[in-house]
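*Asks:* Below is one structure. I have some questions about it.
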Protein chains: 6
Amino acid sequence: MIDRKLLTSIIKRALAEDLNTGDITTMSTVPKDKRINGKFIAKAEGILCGMDIAGAVFAYIDSDVKLECNFEDGNKVAKGDIIATIEGRAISVLTGERLALNLMQRLCGIATKTSEAVKKVAGFNVKILDTRKTTPGLRILEKYAVRTGGGYNHRFTLSDGVLIKDNHIKAAGGIKEAISAAREYVPHTLKIEVEVETLGQVKQALDAGADIIMLDNMSNELMTQAVALIDKKALIEASGNMDEKDLCKVAATGVDFISIGALTNSLNPLDISLKFV
Amino acid sequence: MIDRKLLTSIIKRALAEDLNTGDITTMSTVPKDKRINGKFIAKAEGILCGMDIAGAVFAYIDSDVKLECNFEDGNKVAKGDIIATIEGRAISVLTGERLALNLMQRLCGIATKTSEAVKKVAGFNVKILDTRKTTPGLRILEKYAVRTGGGYNHRFTLSDGVLIKDNHIKAAGGIKEAISAAREYVPHTLKIEVEVETLGQVKQALDAGADIIMLDNMSNELMTQAVALIDKKALIEASGNMDEKDLCKVAATGVDFISIGALTNSLNPLDISLKFV
Amino acid sequence: MIDRKLLTSIIKRALAEDLNTGDITTMSTVPKDKRINGKFIAKAEGILCGMDIAGAVFAYIDSDVKLECNFEDGNKVAKGDIIATIEGRAISVLTGERLALNLMQRLCGIATKTSEAVKKVAGFNVKILDTRKTTPGLRILEKYAVRTGGGYNHRFTLSDGVLIKDNHIKAAGGIKEAISAAREYVPHTLKIEVEVETLGQVKQALDAGADIIMLDNMSNELMTQAVALIDKKALIEASGNMDEKDLCKVAATGVDFISIGALTNSLNPLDISLKFV
Amino acid sequence: MIDRKLLTSIIKRALAEDLNTGDITTMSTVPKDKRINGKFIAKAEGILCGMDIAGAVFAYIDSDVKLECNFEDGNKVAKGDIIATIEGRAISVLTGERLALNLMQRLCGIATKTSEAVKKVAGFNVKILDTRKTTPGLRILEKYAVRTGGGYNHRFTLSDGVLIKDNHIKAAGGIKEAISAAREYVPHTLKIEVEVETLGQVKQALDAGADIIMLDNMSNELMTQAVALIDKKALIEASGNMDEKDLCKVAATGVDFISIGALTNSLNPLDISLKFV
Amino acid sequence: MIDRKLLTSIIKRALAEDLNTGDITTMSTVPKDKRINGKFIAKAEGILCGMDIAGAVFAYIDSDVKLECNFEDGNKVAKGDIIATIEGRAISVLTGERLALNLMQRLCGIATKTSEAVKKVAGFNVKILDTRKTTPGLRILEKYAVRTGGGYNHRFTLSDGVLIKDNHIKAAGGIKEAISAAREYVPHTLKIEVEVETLGQVKQALDAGADIIMLDNMSNELMTQAVALIDKKALIEASGNMDEKDLCKVAATGVDFISIGALTNSLNPLDISLKFV
Amino acid sequence: MIDRKLLTSIIKRALAEDLNTGDITTMSTVPKDKRINGKFIAKAEGILCGMDIAGAVFAYIDSDVKLECNFEDGNKVAKGDIIATIEGRAISVLTGERLALNLMQRLCGIATKTSEAVKKVAGFNVKILDTRKTTPGLRILEKYAVRTGGGYNHRFTLSDGVLIKDNHIKAAGGIKEAISAAREYVPHTLKIEVEVETLGQVKQALDAGADIIMLDNMSNELMTQAVALIDKKALIEASGNMDEKDLCKVAATGVDFISIGALTNSLNPLDISLKFV
């Protein structure tokens with residue numbers, strides 16, 4: 001689910017960006033009361049994501065537009081599938097068309113890519129995570145798409161998760177000092193995660209009571225050793241250019257999570273078109 | 001150039017999205033007055049874009065952060081190049097790091113892809129254009145990246161260009177009627193562009209006085225005939241899945257513009273990292 | 001047509017300006033559920049403009065207020081005509097009364113003045129244009145009023161039209177250089193307009209391929225020569241204190257457009273009152 | 001004085017309205033660092049108003065622009081006077097030029113018209129007042145212009161003054177009931193004003209303890225009688241199409257205030273131009 | 001009554017503060033369509049205030065939630081009373097629960113405390129007033145609670161009342177000068193109030209024509225003398241740590257108003273809980 | 001620390017609420033350039049909190065105002081202590097005075113009350129926590145005041161902590177189901193807290209792997225048993241009208257945290273005044 005007020009504020013901003021003082025082509029050529037019927041058609045195979053969001057786009061413009069979906073978010077669609085039909089005032093539909101498609105194509109692309117990553121680690125007890133490498137302004141939508149594709153969300157913002165990196169460690173004077181400073185400061189509802197690069201650091205993090213240890217850019221061999229060393233005393237996240245690695249082998253090291261920036265950081269949109277009848 | 005107030009409003013929104021009630025890791029582990037030095041390093045080859053934008057991110061957070069660039073937007077950078085150095089309060093730099101990188105990587109990716117398309121049509125008198133298939137909320141930045149890569153911008157919004165498509169034509173009762181309705185309504189500072197799919201439509205558009213004719217999803221053969229038929233009486237734009245075609249051959253048909261949605265609609269970010277000293 | 005979201009944002013702001021913490025007179029003296037009937041009456045002859053806008057004011061305050069119009073925007077009303085009737089909660093009607101009247105009177109004034117200018121050039125193939133000399137914050141409404149009065153809109157903003165003036169020419173190093181710099185930069189959907197003051201400049205603009213030539217503060221004689229020189233190779237706009245000239249003689253010079261800042265820059269509101277039954 | 005934050009928010013909105021995605025003419029033709037000198041010149045005689053506001057426009061765009069004024073708000077300027085000089089980056093000056101002029105011309109027009117009304121009643125102990133018939137969105141600026149012209153301000157909003165009109169009286173069940181309901185509800189820092197049309201109503205208002213009595217659309221004869229009847233027991237405001245009456249004769253009736261909607265409701269801007277050197 | 005648009009903007013902001021990216025507990029554990037019934041129960045005796053406001057909270061979230069009240073604002077409720085019942089989607093009710101309770105408890109607390117102060121001065125012709133010592137951001141709600149408890153409102157903002165204090169007097173050069181400067185500047189709809197500390201100042205204020213005289217931190221004896229000196233020629237307000245004094249004795253001095261910062265400046269919330277069936 | 005942009009937005013809103021169209025008393029009586037010196041004086045003993053926030057208020061209004069503090073947040077101040085001195089333009093200081101005091105008094109009140117609670121449990125290994133019962137719109141400030149007083153923060157919003165209450169349990173079908181639904185949904189950076197009322201529920205929560213168990217409204221005896229049962233396998237929070245209990249005895253039960261709504265839900269402001277020299 002996506003908070004409805006946040007979604008509306010994204011739509012409002014994006015429509016203003018696209019419309020400025022108005023859609024002059026449509027306003028000049030389309031009669032005010034003309035109605036229109038259309039079909040959203042998948043032009044390629046993928047995981048559907050964003051139907052509610054597209055619905056919210058049209059509802060924001062004109063509560064009278066009807067969008068009927070033949071699939072639900074998370075469903076696989078095949079090339080040629082009619083995803084949904086739309087009916088309403090032509091002006092309203094044409095005004096929202098580009099934004100709805102821009103969002104759907106992007107979110108389907110993310111869901112599809114996530115789904116592929118999830119499939120690669122099937123059989124392992126590991127979760128695929130996103131990161132904060134999301135599109136500025138669209139994070140809650142993109143994190144929703146990751147969930148839709150079968151992935152899980154890492155922290156949403158800098159205030160709902162603690163991730164102590166190299167610079168924090170240096171600034172605090174060591175892993176132990178950083179963890180204990182964070183523990184003292186942040187709400188007890190939050191776990192403490194530390195990013196490490198060596199087994200020595202893994203040990204320090206364990207000793208300092210880290211709840212989650214992120215193994216950053218380690219080889220699979222090193223990760224296997226780290227998993228053994230940690231021995232269930234902390235959750236383990238593998239990170240660092242994971243889209244370029246064999247995810248199955250990473251999963252085999254025994255980590256609990258694999259976080260992949262490329263889920264949202266690179267984009268192959270799913271081609272969807274809106275055809276009018 | 002990018003309007004500074006628009007840029008600031010994008011940065012403000014994006015930082016709020018990322019920070020929420022604050023960066024608790026940094027606030028708890030980093031001493032308030034600690035300073036930091038860092039380097040932005042290219043991890044791959046590409047066209048640089050977004051240095052001013054990254055600068056604006058840090059300036060928005062803390063006017064005291066210093067960003068010194070070794071390259072300018074539009075320069076080619078090689079793997080390992082130090083793009084820029086940064087110095088300032090650690091808290092300020094760490095707070096802006098993710099947003100600055102998210103924007104730079106994305107914009108460099110767009111500039112690089114555009115530059116590749118431009119290179120493919122070198123020697124032809126044709127311009128590579130973007131479309132409205134941009135990321136909701138980031139259009140002015142992405143269109144800037146297209147220009148940085150050597151491309152040109154199609155209309156920015158629905159109010160600064162007239163593009164009459166199939167549905168407008170149907171609603172207006174024909175190409176002639178649509179063009180004349182638009183001509184009557186829109187400011188005389190705007191040209192009228194019509195999207196056509198057949199030579200018959202090309203002829204109608206010409207007869208109706210279209211300023212620009214968009215050839216949508218035509219084969220190269222058909223486009224060659226259309227160019228001949230139009231005979232300089234209107235500008236000509238080729239459009240429709242152009243990223244999947246041989247751009248050189250499209251250019252050879254004699255069109256004036258090739259518009260490519262994929263410049264902004266799909267994304268291969270340029271990998272850039274910020275390393276602290 | 002006016003973009004509904006933009007209209008709502010103008011209404012929201014204007015009501016907040018008028019109400020602040022609330023209409024204390026009405027809140028203290030009028031029972032919460034009392035209903036009221038009223039009539040909008042023209043106190044002078046003029047062109048009606050703004051009925052939808054007034055409707056939007058009351059709808060924003062209270063969706064239950066009913067406004068029934070006896071005339072449409074663009075109609076001529078005579079002194080004493082009942083333009084519309086209104087019915088609803090007294091508190092809602094009284095809260096919106098001043099804003100609705102302030103907007104209607106202003107817009108009718110603009111439409112009426114425009115209509116008079118249009119009548120003066122009847123029979124000539126010339127269009128009356130507005131300018132950017134509009135009231136800060138109300139541009140889209142005032143430009144709508146110009147259209148309602150039979151006029152046409154010049155560019156809405158600095159981003160949907162190119163108008164190269166004296167300073168741009170100086171800065172660019174000449175008319176030719178300015179036009180070519182603009183052509184290279186702006187979307188191909190926009191025409192290039194140049195402001196000139198002499199026949200020499202007209203010629204330069206023509207040679208440089210200007211799409212529109214604005215003859216600024218020229219005598220009618222000079223304009224006649226300019227029209228001949230241009231010879232249909234560019235559109236021609238007459239400009240500069242046009243409200244003080246004999247528009248019929250200006251039209252007779254053969255220009256395509258006459259732009260008049262005074263349409264929106266000076267104001268004689270149409271007197272309209274709201275009488276309660 | 002004008003609240004600086006309110007002024008900035010008006011400027012912000014108005015610039016966004018004018019610029020949209022940017023001033024493409026200036027961005028394409030003017031080199032980034034070019035500087036410019038200009039003079040604001042009065043093209044007619046009038047009362048100057050808005051220099052600080054124009055200054056705020058340019059300061060909002062670019063703190064580096066220098067505006068030096070040769071006159072102060074409230075001064076009379078003659079045709080040809082150089083009101084102020086400006087120096088700064090050409091792009092910044094050109095970006096703010098239209099908005100600064102639109103505001104100054106409008107405010108000078110209001111100050112000039114107010115000043116003329118004030119002069120007509122010179123020698124009488126009467127104050128010229130504005131009304132709520134101001135331009136939606138610009139009220140605080142226009143009320144400042146009225147003060148600059150020697151007039152006084154009626155209430156700024158519906159929450160800082162009580163003005164009981166016909167409908168309030170009807171809804172409350174009488175003048176006495178309305179006044180007493182308002183007195184019970186509104187802060188004791190506010191006076192109670194009642195609008196009356198007959199001597200009978202004047203008496204009722206007096207009996208009910210009105211602090212201010214507004215004589216609406218009365219003849220001068222009737223107003224003379226009302227003034228005698230009120231006999232200093234309440235302040236007296238003359239109102240209703242006052243711009244069409246002989247203000248001197250109205251003043252001679254002995255009223256304390258004359259309120260004139262037309263000060264802000266109709267507009268003859270003072271022509272001011274910005275010439276570059 | 002509370003202006004509905006202002007109320008909505010407070011609710012919008014407060015919900016965003018509480019929700020950020022969403023109520024993850026509820027979103028993860030409660031089925032989307034599950035409905036819920038609840039009762040608002042008073043856990044102590046007090047004056048009810050805020051039912052409409054709570055209703056607006058839920059209506060903002062979900063127009064389908066039904067809140068039925070058994071009491072009205074201003075009613076006394078006893079411990080154990082069921083104030084209202086609520087029915088609707090569980091997600092909507094749980095999302096608004098905390099905010100609705102936070103507001104209701106606070107406003108009931110203020111109304112209850114006000115009511116107690118009012119009771120203490122029963123029989124005297126004196127009104128209990130609030131001050132500007134309200135919670136930043138919630139002033140209109142808290143002033144509504146004061147009215148609900150039987151008190152009256154002092155000015156809402158710095159622009160709807162004139163209160164000349166010590167520093168204004170010093171800056172203006174004396175009480176007379178300050179009053180006359182204010183009289184010249186502010187709308188005639190506003191009374192002039194002056195804060196004084198001695199009988200000498202009372203006399204100066206009277207001579208200068210103050211409409212209201214605020215006796216600041218005076219002993220009851222001194223106030224009695226001041227009341228005699230003023231002799232109905234101005235309204236009189238007693239002020240200064242009034243919550244620590246015997247209000248009955250203050251009232252007996254003959255002042256017209258007693259203003260008490262502690263009505264809103266300190267808070268004993270009325271305990272109200274929402275129990276689900 | 002408080003996020004500076006969030007703080008500014010609170011100040012902006014609160015000043016607009018207080019000023020509306022401007023501080024008319026100050027604008028009319030105080031010369032524009034007059035400067036003023038003042039002292040912030042403690043009128044009672046307490047813990048200081050909010051000096052940076054007061055500084056931000058004045059800096060927002062006028063960057064030229066100088067505030068010099070003699071104490072730091074968290075220091076104890078005694079009655080009569082000069083907390084800080086202020087110097088600047090009189091208009092700026094007077095404009096911000098009320099807001100600065102309103103915020104400081106409130107925050108000092110919270111810090112002082114928290115500090116008293118902390119003292120009561122000295123010697124025990126327990127932390128005093130706040131809740132979400134904060135003032136709508138001021139949460140980040142109030143949570144800062146709790147930290148300043150020696151307390152700790154519970155979750156800031158509904159998105160940075162999971163707290164499963166009775167209704168969530170019912171809706172999910174049991175404690176086990178609710179915990180597992182939340183675990184599946186929320187980021188792994190968050191702990192899962194469950195509210196329980198019986199030992200049976202404690203056991204279920206433990207078995208289901210709750211990270212934190214909140215003992216709601218339990219007697220001290222029951223809490224002692226719960227602590228033994230839990231045996232360090234989860235963190236333990238005592239909750240429910242804790243301000244009415246003997247905190248020392250609650251601490252003696254062995255819980256890890258005591259959360260107290262009254263820290264922010266009721267308010268005894270610390271009296272601070274600003275005296276001008």
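All residue names refer to the structure tokens as shown: chains lettered A, B, ... in order, residues numbered from 1 in each chain, ligands numbered from 1 in order.
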From range 25-228 of chain E, collect each residue whose DSSP state is helix (DSSP H, G or I) and return the set as number ranges by chain.
*Replies:* E: 25-29, 51-61, 90-120, 139-148, 166-172, 175-185, 199-207, 220-228
*Asks:* Residues as selected, C-alpha atoms, written as a compact mmCIF listing (two decimals), in the first residue's frame, can you do that?
*Replies:*
```
# COMPACT_ATOMS: atom_id res chain seq x y z
CA THR E 25 2.14 -1.37 11.57
CA THR E 26 -1.39 -0.94 10.38
CA MET E 27 -0.58 -1.44 6.71
CA SER E 28 1.10 -4.75 7.45
CA THR E 29 -1.30 -6.24 10.00
CA MET E 51 -15.91 16.97 18.24
CA ASP E 52 -16.15 18.73 14.86
CA ILE E 53 -12.40 18.87 14.70
CA ALA E 54 -12.07 15.15 15.37
CA GLY E 55 -14.74 14.61 12.74
CA ALA E 56 -12.72 16.64 10.28
CA VAL E 57 -9.63 14.53 10.99
CA PHE E 58 -11.39 11.32 10.03
CA ALA E 59 -13.23 12.93 7.10
CA TYR E 60 -9.90 14.15 5.76
CA ILE E 61 -8.54 10.61 5.84
CA ALA E 90 -10.04 -0.07 10.46
CA ILE E 91 -7.08 1.37 8.61
CA SER E 92 -8.67 4.80 8.38
CA VAL E 93 -9.77 4.87 12.01
CA LEU E 94 -6.40 3.70 13.32
CA THR E 95 -4.55 6.21 11.14
CA GLY E 96 -6.49 9.15 12.57
CA GLU E 97 -6.85 7.92 16.15
CA ARG E 98 -3.77 9.50 17.70
CA LEU E 99 -4.23 12.90 16.04
CA ALA E 100 -7.93 13.08 16.90
CA LEU E 101 -7.18 12.23 20.55
CA ASN E 102 -4.21 14.58 20.77
CA LEU E 103 -6.40 17.45 19.56
CA MET E 104 -9.51 16.60 21.57
CA GLN E 105 -7.67 16.09 24.85
CA ARG E 106 -5.84 19.36 24.47
CA LEU E 107 -8.93 21.36 23.50
CA CYS E 108 -11.08 19.82 26.24
CA GLY E 109 -8.34 20.72 28.68
CA ILE E 110 -8.41 24.35 27.59
CA ALA E 111 -12.21 24.54 27.59
CA THR E 112 -12.33 23.00 31.05
CA LYS E 113 -9.77 25.36 32.50
CA THR E 114 -11.52 28.33 30.91
CA SER E 115 -14.85 27.20 32.27
CA GLU E 116 -13.40 27.06 35.77
CA ALA E 117 -12.09 30.61 35.48
CA VAL E 118 -15.45 31.81 34.19
CA LYS E 119 -17.23 30.20 37.12
CA LYS E 120 -14.96 32.00 39.57
CA ARG E 139 -3.99 29.22 17.64
CA ILE E 140 -7.39 29.15 15.95
CA LEU E 141 -8.21 25.83 17.58
CA GLU E 142 -7.15 26.94 21.04
CA LYS E 143 -9.07 30.20 20.77
CA TYR E 144 -12.11 28.19 19.77
CA ALA E 145 -11.64 26.08 22.91
CA VAL E 146 -11.55 29.21 25.04
CA ARG E 147 -14.88 30.33 23.56
CA THR E 148 -16.26 26.84 24.09
CA ASP E 166 6.27 49.59 27.06
CA ASN E 167 8.69 49.25 24.18
CA HIS E 168 6.36 50.81 21.68
CA ILE E 169 5.86 53.71 24.06
CA LYS E 170 9.59 54.20 24.49
CA ALA E 171 10.20 53.95 20.76
CA ALA E 172 7.44 56.41 19.94
CA ILE E 175 2.04 57.26 25.33
CA LYS E 176 0.46 60.18 23.55
CA GLU E 177 2.83 59.92 20.62
CA ALA E 178 2.38 56.18 20.37
CA ILE E 179 -1.41 56.33 20.40
CA SER E 180 -1.50 59.07 17.85
CA ALA E 181 0.95 57.28 15.56
CA ALA E 182 -1.14 54.13 15.74
CA ARG E 183 -4.40 56.02 15.18
CA GLU E 184 -2.95 57.57 12.06
CA TYR E 185 -1.79 54.25 10.67
CA LEU E 199 -1.89 55.49 37.60
CA GLY E 200 0.15 58.20 35.94
CA GLN E 201 0.26 56.15 32.78
CA VAL E 202 -3.46 55.46 33.06
CA LYS E 203 -4.06 59.18 33.01
CA GLN E 204 -1.82 59.71 30.01
CA ALA E 205 -3.56 56.94 28.14
CA LEU E 206 -6.96 58.40 28.91
CA ASP E 207 -5.88 61.85 27.82
CA ASN E 220 -6.02 44.78 43.21
CA GLU E 221 -5.93 48.02 45.17
CA LEU E 222 -4.21 49.85 42.38
CA MET E 223 -6.63 48.41 39.88
CA THR E 224 -9.56 49.65 41.93
CA GLN E 225 -8.14 53.15 41.79
CA ALA E 226 -7.47 52.84 38.08
CA VAL E 227 -11.04 51.77 37.43
CA ALA E 228 -12.29 54.83 39.31
```
*Asks:* Enumerate, as a list in words, the complete set of residues in range 77-178 of chain F that a backbone-based DSSP assignment places in strand (DSSP E or B).
*Replies:* Val77, Ile82, Ile83, Ala84, Thr85, Ile86, Glu87, Gly88, Arg89, Lys127, Ile128, Leu129, Tyr152, Val162, Leu163 and Ile164 of chain F
*Asks:* Would you mind exporting the chosen residues as a short mmCIF file (atom, residue, chain, number, x, y, z; two decimals), in the first residue's frame, restricted to all heavy atoms?
*Replies:*
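Saved to selection_18.cif:
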```
data_model
loop_
_atom_site.label_atom_id
_atom_site.label_comp_id
_atom_site.auth_asym_id
_atom_site.auth_seq_id
_atom_site.Cartn_x
_atom_site.Cartn_y
_atom_site.Cartn_z
N VAL F 77 18.79 26.35 35.05
CA VAL F 77 18.82 27.79 35.32
C VAL F 77 18.02 28.05 36.59
O VAL F 77 17.07 27.32 36.90
CB VAL F 77 18.25 28.63 34.15
CG1 VAL F 77 19.15 28.53 32.94
CG2 VAL F 77 16.82 28.20 33.82
N ILE F 82 20.04 35.41 33.92
CA ILE F 82 19.93 36.00 32.58
C ILE F 82 20.36 34.92 31.60
O ILE F 82 21.53 34.59 31.47
CB ILE F 82 20.80 37.25 32.45
CG1 ILE F 82 20.30 38.31 33.44
CG2 ILE F 82 20.75 37.79 31.02
CD1 ILE F 82 21.17 39.52 33.52
N ILE F 83 19.41 34.39 30.91
CA ILE F 83 19.66 33.26 30.01
C ILE F 83 20.42 33.70 28.78
O ILE F 83 21.33 33.03 28.32
CB ILE F 83 18.32 32.63 29.59
CG1 ILE F 83 17.57 32.11 30.82
CG2 ILE F 83 18.53 31.54 28.59
CD1 ILE F 83 16.14 31.67 30.52
N ALA F 84 20.01 34.86 28.26
CA ALA F 84 20.62 35.32 27.02
C ALA F 84 20.38 36.81 26.87
O ALA F 84 19.50 37.38 27.52
CB ALA F 84 20.02 34.58 25.82
N THR F 85 21.18 37.43 26.02
CA THR F 85 20.95 38.84 25.68
C THR F 85 20.68 38.92 24.18
O THR F 85 21.15 38.08 23.41
CB THR F 85 22.16 39.72 26.04
OG1 THR F 85 23.31 39.17 25.39
CG2 THR F 85 22.39 39.74 27.54
N ILE F 86 19.94 39.94 23.80
CA ILE F 86 19.57 40.09 22.40
C ILE F 86 19.77 41.54 21.99
O ILE F 86 19.55 42.46 22.79
CB ILE F 86 18.12 39.62 22.15
CG1 ILE F 86 17.83 39.54 20.66
CG2 ILE F 86 17.12 40.53 22.87
CD1 ILE F 86 16.55 38.78 20.35
N GLU F 87 20.21 41.75 20.75
CA GLU F 87 20.41 43.11 20.25
C GLU F 87 20.04 43.13 18.78
O GLU F 87 20.38 42.21 18.03
CB GLU F 87 21.88 43.51 20.42
CG GLU F 87 22.15 45.01 20.26
CD GLU F 87 22.36 45.42 18.81
OE1 GLU F 87 22.74 44.53 18.00
OE2 GLU F 87 22.14 46.59 18.47
N GLY F 88 19.34 44.17 18.36
CA GLY F 88 19.00 44.26 16.95
C GLY F 88 17.94 45.31 16.68
O GLY F 88 17.56 46.06 17.58
N ARG F 89 17.47 45.34 15.44
CA ARG F 89 16.40 46.27 15.08
C ARG F 89 15.19 45.99 15.94
O ARG F 89 14.75 44.84 16.07
CB ARG F 89 16.01 46.09 13.61
CG ARG F 89 16.69 47.10 12.66
CD ARG F 89 16.13 46.96 11.24
NE ARG F 89 16.64 45.75 10.62
CZ ARG F 89 17.75 45.70 9.86
NH1 ARG F 89 18.44 46.79 9.63
NH2 ARG F 89 18.15 44.57 9.35
N LYS F 127 15.48 3.61 30.96
CA LYS F 127 15.42 4.88 30.22
C LYS F 127 14.00 5.42 30.22
O LYS F 127 13.03 4.66 30.05
CB LYS F 127 15.88 4.67 28.78
CG LYS F 127 17.38 4.39 28.66
CD LYS F 127 17.77 4.13 27.20
CE LYS F 127 19.29 4.02 27.09
NZ LYS F 127 19.70 3.59 25.73
N ILE F 128 13.89 6.73 30.38
CA ILE F 128 12.59 7.39 30.31
C ILE F 128 12.31 7.75 28.85
O ILE F 128 13.15 8.38 28.20
CB ILE F 128 12.58 8.69 31.16
CG1 ILE F 128 12.83 8.36 32.64
CG2 ILE F 128 11.30 9.47 30.97
CD1 ILE F 128 11.76 7.52 33.29
N LEU F 129 11.16 7.34 28.35
CA LEU F 129 10.80 7.56 26.93
C LEU F 129 9.60 8.50 26.79
O LEU F 129 8.72 8.53 27.66
CB LEU F 129 10.39 6.24 26.28
CG LEU F 129 11.39 5.11 26.14
CD1 LEU F 129 10.71 3.94 25.41
CD2 LEU F 129 12.59 5.58 25.32
N TYR F 152 14.73 9.74 26.50
CA TYR F 152 15.01 9.15 25.20
C TYR F 152 13.74 9.19 24.37
O TYR F 152 12.64 9.31 24.89
CB TYR F 152 15.50 7.71 25.37
CG TYR F 152 16.86 7.66 26.03
CD1 TYR F 152 16.99 7.77 27.42
CD2 TYR F 152 18.03 7.57 25.27
CE1 TYR F 152 18.23 7.77 28.02
CE2 TYR F 152 19.28 7.56 25.87
CZ TYR F 152 19.38 7.66 27.24
OH TYR F 152 20.61 7.67 27.82
N VAL F 162 7.49 -0.10 14.70
CA VAL F 162 6.33 -0.98 14.62
C VAL F 162 5.83 -1.19 16.03
O VAL F 162 6.59 -1.64 16.89
CB VAL F 162 6.70 -2.34 14.00
CG1 VAL F 162 5.49 -3.26 13.97
CG2 VAL F 162 7.29 -2.14 12.62
N LEU F 163 4.59 -0.82 16.28
CA LEU F 163 4.01 -1.05 17.60
C LEU F 163 2.65 -1.71 17.39
O LEU F 163 1.69 -1.06 17.00
CB LEU F 163 3.89 0.27 18.37
CG LEU F 163 3.28 0.20 19.78
CD1 LEU F 163 3.79 -1.00 20.57
CD2 LEU F 163 3.57 1.48 20.54
N ILE F 164 2.62 -3.00 17.64
CA ILE F 164 1.41 -3.78 17.41
C ILE F 164 0.54 -3.71 18.65
O ILE F 164 0.95 -4.14 19.72
CB ILE F 164 1.79 -5.24 17.09
CG1 ILE F 164 2.62 -5.28 15.80
CG2 ILE F 164 0.55 -6.11 16.97
CD1 ILE F 164 3.18 -6.65 15.48
#
```
*Asks:* Counting only C-alpha atoms, what are the residues of chain A within 12 Å of chain D, and for each of them which pair of atoms is the nearest and at what distance in Å, to one decimal? Sort the table by chain and rising number, as a tab-separated table.
*Replies:*
```
residue	atom	partner	partner_atom	distance
A:Ala16	CA	D:Asn20	CA	10.4
A:Glu17	CA	D:Thr21	CA	8.9
A:Asp18	CA	D:Thr21	CA	10.6
A:Leu19	CA	D:Asn20	CA	10.6
A:Asn20	CA	D:Asn20	CA	7.1
A:Thr21	CA	D:Asn20	CA	8.8
A:Gly22	CA	D:Asn20	CA	11.9
```
*Asks:* Could you write those residues out with C-alpha atoms, as a PDB file, in the first residue's frame?
*Replies:*
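Writing done, so here's result.pdb:
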```
ATOM      1  CA  ALA A  16       1.658  20.666 -13.034  1.00  0.00           C
ATOM      2  CA  GLU A  17       5.084  19.966 -14.507  1.00  0.00           C
ATOM      3  CA  ASP A  18       3.525  18.535 -17.661  1.00  0.00           C
ATOM      4  CA  LEU A  19       0.602  20.913 -18.100  1.00  0.00           C
ATOM      5  CA  ASN A  20       1.922  24.317 -17.071  1.00  0.00           C
ATOM      6  CA  THR A  21      -0.791  26.675 -18.278  1.00  0.00           C
ATOM      7  CA  GLY A  22      -2.748  23.894 -19.954  1.00  0.00           C
TER       8      GLY A  22
END
```
*Asks:* Would you mind telling me which residue in A:Val196, A:Leu270, A:Ala238, A:Val121 lies nearest to Lys76 in chain A when using only C-alpha atoms?
*Replies:*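 Checking each of A:Val196, A:Leu270, A:Ala238, A:Val121 against Lys76 in chain A, counting only C-alpha atoms, the winner is A:Leu270.
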*Asks:* I'd like to know which of A:Met218, A:Ala14, A:Leu235, A:Leu6 is closest to Thr189 in chain F, using only C-alpha atoms.
*Replies:*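 Going through A:Met218, A:Ala14, A:Leu235, A:Leu6 one by one, the smallest distance to Thr189 in chain F is for A:Leu235.
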*Asks:* Between CA of Leu274 in chain B and CA of Glu193 in chain A, what is the spacing in Å?
*Replies:*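 It comes out at 20.6 Å.
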*Asks:* Which distance in Å separates CA of Asp23 in chain A and CA of Ile10 in chain C, to one decimal?
*Replies:* 18.4 Å
